[in-house]
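**Q** Quick one: the structure is below, questions incoming.
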Amino acid sequence: MYKQMKWLCLLMVVMVISFSSVSPLKKDEASNAAGGSQLSSKIAKVLSHPDLKGASIGISVRNASNGKIIYKHNGDTRLRPASSMKLVTGAAALQLLGENYRFKTEIYTDGKQKGSTLKGNIYIRGKGDPTLGEKDLDNIALALKKKGIKKIKGNLVADDTWYDQIRLSLDMPWSDEQEYYGAQISGLTFSPNADYDAGTVIIQVKSGNKVGKAASVTMTPKTDYVKISNKTKVGKVNSKNTVKIHRKHGSNGITVTGNVPLNSGTTKTWISVWEPTRYTLALFKRSLEKQGIKITGNYTAGKISAKPTKLATDHSPKLGTILVPYMKLSNNTISEVLVKEMGRVKGKVGSWDKGLSVVEGQFVDLGIGNDAILMRDGSGLSHVSMISANALTNLLYKAQTKPWYKTYKNALPVAGDSDRSVGGTLRNRMKGTAAQGKIIAKTGTISTVSSLTGYVKGKKGNKYVFSIIINNAKKENQLKKIEDEMAVILASN
């Protein structure tokens, strides 16, 4: 009897150990079984794609009505989200700054006007506006002209002290520093068009019609602050386009090289500038000159004197409006500006450290557990930033209860909508599928990483929030198609 009891106890111990040793994936499977086996089996089939071999994948699907998880795969694992991190930054900005928040650019003087002459310095003080463009600078110059100013006997000074002087986020790769998405962040910056890629110029290369001659290379905006060296040549029709555009580190010398096929049309490339504060100052000088205002002094960066007189103020569009190009076109510069702006407005310091600390203070209210996220920048460009798929879906679920939800959701790309201002980064994806027009989501892409996070209304009327994060993928060319397959499954459910 004793031996029988001994063996029975031993058997029970073994059974307990066996049942308590379920792997994380099996736990997910058990949870998914309760939420819908069909969804689980269909997604599992997609996860067997050979290009996902060796990759780390986090997936979370929630019922949008009650927040209940109905499918997860490594849902609590922190992964690099790429630009899906903008969902966190955007939500925090709407929460802290508000939909109606506007950035400012202010003009001051420390002098006095006598007749048409202003004796003293003119200061242009930037307060982070990532939308400041040529029309805005022209309007400011026109406002000074309307005050009767024709001559400024003093210096033109750019004040960018609203933010600190650290221009690039902590984990910015050196190879991204000249790219439009890696532009330097300044309190005073300039956007060449309504995409609001602040701190950049647009380089246009046009082939022309003479083989062997240099192609046409122009720049928007026109400015002597950036110098272009054109080393291109027009090649035969159907020859390979080998154009490369490079800005030398620490300078604004841009070299354009390579073959441009005959009659191949015009291509546009956005390139970041070195030191956007002085870039903006040079363009403001041009706007003043267009209005016939002459400046006798120097053009420099500095800080407003102790008791200045305000002459003019320019306001950006409302934050709710800015959020559209920010989310739909995945604008990194706006993201990092928002981080610094939240730091400045809510923490009195316009820095990444303070801004990220302020954003962190909103995590709980936004449904993000502190152990589910590591945030090193606002855009997700960092390869150190991490968040779990479950945290992202809970954020989107909680967002539905916020007064700014409609603005937030409206800013997300819409699958298959060819209108760039609507479809954004999803405009060419999922066309002709059940997901077209049904997937409203933020995309994310950095090297070895792809993500898709958003809302979907299924064919049967089911509403979901979902997040797909793929990390460490050696073969990247199929990742978007894999995400789309999963999105179509949700839209068809």
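By convention here, the chains of the structure tokens are called A, B, ... in the order presented, each chain's residues are numbered starting at 1, and ligands are numbered starting at 1 in the order presented.
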I want to know what sits within 10 Å of Asp377 (chain A), based on only C-alpha atoms, with residues of the same chain fewer than 5 positions away left out; could you give that as a tab-separated table (two decimals) with all heavy atoms, in the first residue's frame?
**A**
```tsv
chain	number	residue	atom	x	y	z
A	85	MET	N	5.47	53.25	-33.48
A	85	MET	CA	5.69	54.02	-32.26
A	85	MET	C	5.06	55.41	-32.36
A	85	MET	O	4.75	56.04	-31.34
A	85	MET	CB	7.19	54.15	-31.97
A	85	MET	CG	7.53	54.80	-30.65
A	85	MET	SD	6.95	53.85	-29.20
A	85	MET	CE	8.34	52.72	-28.98
A	86	LYS	N	4.84	55.89	-33.59
A	86	LYS	CA	4.21	57.20	-33.76
A	86	LYS	C	2.79	57.22	-33.18
A	86	LYS	O	2.27	58.29	-32.87
A	86	LYS	CB	4.20	57.59	-35.24
A	86	LYS	CG	5.56	57.90	-35.83
A	86	LYS	CD	5.42	58.35	-37.28
A	86	LYS	CE	6.77	58.80	-37.86
A	86	LYS	NZ	7.68	57.70	-38.16
A	89	THR	N	3.36	58.49	-29.67
A	89	THR	CA	3.70	59.92	-29.67
A	89	THR	C	2.50	60.78	-30.04
A	89	THR	O	2.23	61.80	-29.40
A	89	THR	CB	4.85	60.18	-30.66
A	89	THR	OG1	5.94	59.30	-30.37
A	89	THR	CG2	5.33	61.62	-30.57
A	169	SER	N	18.46	62.57	-32.63
A	169	SER	CA	18.08	61.68	-31.53
A	169	SER	C	19.19	60.69	-31.22
A	169	SER	O	20.06	60.42	-32.05
A	169	SER	CB	16.78	60.94	-31.87
A	169	SER	OG	16.90	60.23	-33.08
A	170	LEU	N	19.11	60.12	-30.04
A	170	LEU	CA	20.21	59.35	-29.46
A	170	LEU	C	20.71	58.21	-30.33
A	170	LEU	O	21.91	57.96	-30.43
A	170	LEU	CB	19.78	58.80	-28.09
A	170	LEU	CG	20.83	58.10	-27.26
A	170	LEU	CD1	21.95	59.06	-26.89
A	170	LEU	CD2	20.20	57.53	-25.98
A	171	ASP	N	19.79	57.49	-30.98
A	171	ASP	CA	20.18	56.28	-31.72
A	171	ASP	C	20.17	56.46	-33.23
A	171	ASP	O	20.10	55.48	-33.98
A	171	ASP	CB	19.22	55.14	-31.35
A	171	ASP	CG	19.17	54.90	-29.86
A	171	ASP	OD1	20.25	54.86	-29.23
A	171	ASP	OD2	18.06	54.77	-29.30
A	172	MET	N	20.25	57.71	-33.70
A	172	MET	CA	20.23	57.97	-35.13
A	172	MET	C	21.44	57.34	-35.82
A	172	MET	O	22.59	57.67	-35.51
A	172	MET	CB	20.25	59.48	-35.39
A	172	MET	CG	20.39	59.86	-36.86
A	172	MET	SD	18.90	59.60	-37.82
A	172	MET	CE	17.86	60.90	-37.16
A	332	ASN	N	8.88	61.59	-39.68
A	332	ASN	CA	9.75	61.47	-38.51
A	332	ASN	C	10.03	62.81	-37.85
A	332	ASN	O	10.11	62.92	-36.61
A	332	ASN	CB	11.07	60.82	-38.90
A	332	ASN	CG	10.95	59.32	-39.09
A	332	ASN	OD1	9.86	58.76	-39.03
A	332	ASN	ND2	12.06	58.67	-39.35
A	335	SER	N	7.39	64.00	-35.60
A	335	SER	CA	7.37	63.16	-34.40
A	335	SER	C	8.37	63.64	-33.35
A	335	SER	O	8.04	63.79	-32.17
A	335	SER	CB	7.69	61.71	-34.78
A	335	SER	OG	7.20	60.82	-33.80
A	336	GLU	N	9.59	63.92	-33.79
A	336	GLU	CA	10.62	64.34	-32.83
A	336	GLU	C	10.36	65.76	-32.34
A	336	GLU	O	10.66	66.10	-31.19
A	336	GLU	CB	12.00	64.22	-33.46
A	336	GLU	CG	12.34	62.84	-34.02
A	336	GLU	CD	12.10	61.68	-33.07
A	336	GLU	OE1	11.96	61.90	-31.84
A	336	GLU	OE2	12.06	60.53	-33.54
A	339	VAL	N	7.88	65.47	-29.52
A	339	VAL	CA	8.52	65.05	-28.26
A	339	VAL	C	9.14	66.24	-27.56
A	339	VAL	O	8.92	66.48	-26.37
A	339	VAL	CB	9.57	63.96	-28.52
A	339	VAL	CG1	10.40	63.70	-27.26
A	339	VAL	CG2	8.91	62.65	-28.96
A	352	TRP	N	14.92	65.85	-25.81
A	352	TRP	CA	14.41	64.48	-25.91
A	352	TRP	C	14.23	63.87	-24.52
A	352	TRP	O	13.22	63.23	-24.25
A	352	TRP	CB	15.35	63.62	-26.75
A	352	TRP	CG	14.99	63.59	-28.21
A	352	TRP	CD1	13.91	62.98	-28.78
A	352	TRP	CD2	15.70	64.22	-29.27
A	352	TRP	NE1	13.91	63.20	-30.15
A	352	TRP	CE2	15.00	63.95	-30.47
A	352	TRP	CE3	16.86	64.99	-29.34
A	352	TRP	CZ2	15.41	64.41	-31.72
A	352	TRP	CZ3	17.28	65.46	-30.57
A	352	TRP	CH2	16.56	65.18	-31.74
A	353	ASP	N	15.19	64.08	-23.65
A	353	ASP	CA	15.10	63.49	-22.31
A	353	ASP	C	13.83	63.94	-21.59
A	353	ASP	O	13.07	63.12	-21.06
A	353	ASP	CB	16.33	63.87	-21.47
A	353	ASP	CG	17.56	63.07	-21.84
A	353	ASP	OD1	17.41	62.08	-22.59
A	353	ASP	OD2	18.67	63.44	-21.42
A	355	GLY	N	11.15	65.47	-22.91
A	355	GLY	CA	9.96	65.13	-23.67
A	355	GLY	C	9.55	63.69	-23.51
A	355	GLY	O	8.37	63.38	-23.30
A	356	LEU	N	10.52	62.78	-23.58
A	356	LEU	CA	10.21	61.36	-23.41
A	356	LEU	C	9.73	61.07	-21.99
A	356	LEU	O	8.87	60.21	-21.78
A	356	LEU	CB	11.43	60.51	-23.77
A	356	LEU	CG	11.82	60.51	-25.25
A	356	LEU	CD1	13.15	59.80	-25.46
A	356	LEU	CD2	10.73	59.85	-26.10
A	382	SER	N	14.62	54.58	-33.97
A	382	SER	CA	15.59	53.93	-33.11
A	382	SER	C	15.45	52.41	-33.15
A	382	SER	O	14.34	51.87	-33.11
A	382	SER	CB	15.42	54.40	-31.66
A	382	SER	OG	16.17	53.62	-30.76
A	383	HIS	N	16.57	51.72	-33.20
A	383	HIS	CA	16.58	50.26	-33.11
A	383	HIS	C	16.64	49.79	-31.65
A	383	HIS	O	16.76	48.60	-31.39
A	383	HIS	CB	17.77	49.68	-33.89
A	383	HIS	CG	17.50	49.51	-35.35
A	383	HIS	ND1	17.04	48.34	-35.90
A	383	HIS	CD2	17.60	50.39	-36.37
A	383	HIS	CE1	16.88	48.48	-37.20
A	383	HIS	NE2	17.22	49.71	-37.52
A	384	VAL	N	16.55	50.74	-30.73
A	384	VAL	CA	16.55	50.41	-29.30
A	384	VAL	C	15.12	50.50	-28.73
A	384	VAL	O	14.76	49.76	-27.82
A	384	VAL	CB	17.50	51.33	-28.52
A	384	VAL	CG1	17.52	50.99	-27.04
A	384	VAL	CG2	18.92	51.24	-29.09
A	385	SER	N	14.30	51.39	-29.29
A	385	SER	CA	12.92	51.52	-28.84
A	385	SER	C	12.17	50.20	-28.99
A	385	SER	O	12.34	49.50	-29.99
A	385	SER	CB	12.19	52.61	-29.64
A	385	SER	OG	12.67	53.89	-29.31
```
**Q** Would you give me, as a tab-separated table, each residue of region 352-465 of chain A having an atom within 8 Å of an atom of region 474-480 of chain A, along with its shortest atom pair and that distance in Å to one decimal, using only C-alpha atoms and sorting by chain and residue number?
**A**
```
residue	atom	partner	partner_atom	distance
A:Thr448	CA	A:Lys474	CA	6.3
A:Val449	CA	A:Glu476	CA	7.9
A:Ser450	CA	A:Leu479	CA	6.6
```
**Q** Extract the full set of helix (DSSP H, G or I) residues from region 175-351 of chain A according to DSSP on the backbone, and format it as a PyMOL selection string.
**A** chain A and resi 175-176+180-182+276-290+319-328+332-347
**Q** Per residue of region 239-334 of chain A within 9 Å of region 128-151 of chain A, which atom pair is closest and at what distance in Å (one decimal), using only C-alpha atoms, listed by chain and increasing number, as CSV?
**A**
```
residue,atom,partner,partner_atom,distance
A:Leu283,CA,A:Glu134,CA,7.7
A:Phe284,CA,A:Leu137,CA,5.8
A:Lys285,CA,A:Ala141,CA,8.9
A:Arg286,CA,A:Asp138,CA,8.7
A:Ser287,CA,A:Asp138,CA,5.1
A:Leu288,CA,A:Ala141,CA,5.1
A:Glu289,CA,A:Ala141,CA,8.5
A:Lys290,CA,A:Asp138,CA,8.0
A:Gln291,CA,A:Leu142,CA,6.4
A:Gly292,CA,A:Lys150,CA,6.5
A:Ile293,CA,A:Lys150,CA,4.5
A:Lys294,CA,A:Lys151,CA,4.7
A:Ile295,CA,A:Lys151,CA,6.0
A:Thr296,CA,A:Lys151,CA,7.8
A:Leu311,CA,A:Leu144,CA,7.3
A:Ala312,CA,A:Ile140,CA,6.7
A:Thr313,CA,A:Ile140,CA,7.5
A:Asp314,CA,A:Asp136,CA,6.9
A:His315,CA,A:Asp129,CA,8.2
A:Ser316,CA,A:Thr131,CA,6.3
A:Pro317,CA,A:Thr131,CA,7.8
A:Ile322,CA,A:Thr131,CA,8.1
A:Thr333,CA,A:Pro130,CA,7.5
A:Ile334,CA,A:Pro130,CA,6.2
```
**Q** Produce a file of the selected residues containing C-alpha atoms, as an mmCIF file, in the first residue's frame.
**A**
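Listed below is the output, part.cif:
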```cif
data_model
loop_
_atom_site.group_PDB
_atom_site.id
_atom_site.type_symbol
_atom_site.label_atom_id
_atom_site.label_comp_id
_atom_site.auth_asym_id
_atom_site.auth_seq_id
_atom_site.Cartn_x
_atom_site.Cartn_y
_atom_site.Cartn_z
ATOM 1 C CA LEU A 283 15.238 82.048 -46.407
ATOM 2 C CA PHE A 284 13.774 84.730 -44.129
ATOM 3 C CA LYS A 285 16.410 87.155 -45.419
ATOM 4 C CA ARG A 286 15.244 86.367 -48.956
ATOM 5 C CA SER A 287 11.605 87.011 -47.986
ATOM 6 C CA LEU A 288 12.548 90.411 -46.541
ATOM 7 C CA GLU A 289 14.438 91.280 -49.710
ATOM 8 C CA LYS A 290 11.415 90.324 -51.835
ATOM 9 C CA GLN A 291 9.444 92.952 -49.905
ATOM 10 C CA GLY A 292 12.153 95.544 -50.553
ATOM 11 C CA ILE A 293 13.418 95.566 -46.960
ATOM 12 C CA LYS A 294 17.168 96.173 -46.764
ATOM 13 C CA ILE A 295 19.319 94.889 -43.884
ATOM 14 C CA THR A 296 22.649 96.574 -43.169
ATOM 15 C CA LEU A 311 6.426 92.901 -34.260
ATOM 16 C CA ALA A 312 4.651 89.856 -35.701
ATOM 17 C CA THR A 313 3.539 86.288 -34.974
ATOM 18 C CA ASP A 314 2.941 83.429 -37.394
ATOM 19 C CA HIS A 315 0.815 80.456 -36.323
ATOM 20 C CA SER A 316 0.979 76.907 -37.627
ATOM 21 C CA PRO A 317 -2.116 74.899 -38.560
ATOM 22 C CA ILE A 322 -0.744 68.515 -38.729
ATOM 23 C CA THR A 333 10.599 65.154 -38.112
ATOM 24 C CA ILE A 334 7.142 66.062 -36.840
#
```
**Q** Ranking A:Gly187, A:Thr393, A:Thr321, A:Met486 by minimum distance to Asn100 (chain A) and counting only C-alpha atoms, which one comes first?
**A**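 Of A:Gly187, A:Thr393, A:Thr321, A:Met486, the one nearest Asn100 (chain A) is A:Thr321, counting only C-alpha atoms.
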**Q** Which residue gives the smallest distance to Val359 (chain A) among A:Ala411, A:Ala92, A:Ile69, A:Ile43, with only C-alpha atoms counted?
**A** A:Ala92
**Q** Do you know which residues are at most 6 Å from Lys340 (chain A) counting only C-alpha atoms, after dropping those on the same chain fewer than 2 positions away, and could you put them as a PyMOL selection string?
**A** chain A and resi 337-338+342-343+350-352+355
**Q** Restricting the calculation to only C-alpha atoms: of A:Ser65, A:Lys346, A:Tyr101, A:Gly235, which residue gets closest to Gly361 (chain A)?
**A**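 Among the listed residues, the smallest separation from Gly361 (chain A) belongs to A:Lys346.
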**Q** Can you check which residues of region 41-238 of chain A DSSP gives as strand (DSSP E) on the backbone and send them as a PyMOL selection string?
**A** chain A and resi 56-63+69-73+78-79+104-109+112-114+117-119+122-126+151-153+156-159+200-206+216-220+227-235
**Q** One decimal, Å: what's the distance from CA of Arg167 (chain A) over to CA of Ile470 (chain A), could you say?
**A**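 Separation of CA of Arg167 (chain A) and CA of Ile470 (chain A): 29.4 Å.
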**Q** Pick out the residues sitting within 8 Å of Thr242 (chain A), and hand them over as a list in words; count only C-alpha atoms, and ignore anything fewer than 6 positions along from it in its own chain.
**A**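 Within the cut-off, the hits are Thr257, Gly258, Asn259 and Val260 of chain A.
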**Q** Counting only C-alpha atoms, what is within 8 Å of region 454-464 of chain A, bar same-chain residues fewer than 3 positions away, as a list in words?
**A**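 So, after excluding close chain neighbours, the residues are Val61, Arg62, Asn63, Ala64, Ser65, Thr393, Leu396, Ala434, Lys438, Ile439, Ile440, Ala441, Lys442, Ser467, Leu490, Ala491, Ser492 and Asn493 of chain A.
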**Q** Counting only C-alpha atoms, what is within 8 Å of Tyr108 (chain A), bar same-chain residues fewer than 6 positions away, as a VMD selection string?
**A** chain A and resid 122 to 125 304 308 to 312
**Q** Quick one: pull the distance between CA of Asp419 (chain A) and CA of Ser216 (chain A), Å, one decimal.
**A** 29.4 Å
**Q** I want to know what sits within 8 Å of Val46 (chain A), based on only C-alpha atoms, with residues of the same chain fewer than 2 positions away left out; could you give that as a VMD selection string?
**A** chain A and resid 42 to 44 48 to 49 482 485 to 486
**Q** Between CA of Gly208 (chain A) and CA of Leu262 (chain A), measure the distance and give it in Å to one decimal.
**A**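 Going from CA of Gly208 (chain A) over to CA of Leu262 (chain A), I get 6.6 Å.
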**Q** With only C-alpha atoms as the basis for distance, which of A:Gly378, A:Pro261, A:Gly253, A:Gly182 is at the shortest distance from Val211 (chain A)?
**A** A:Pro261
**Q** Calculated over only C-alpha atoms, which of the candidates A:Pro325, A:Gly265, A:Gly75, A:Pro81 has the smallest distance to Tyr196 (chain A)?
**A**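 Of A:Pro325, A:Gly265, A:Gly75, A:Pro81, the one nearest Tyr196 (chain A) is A:Pro325, counting only C-alpha atoms.
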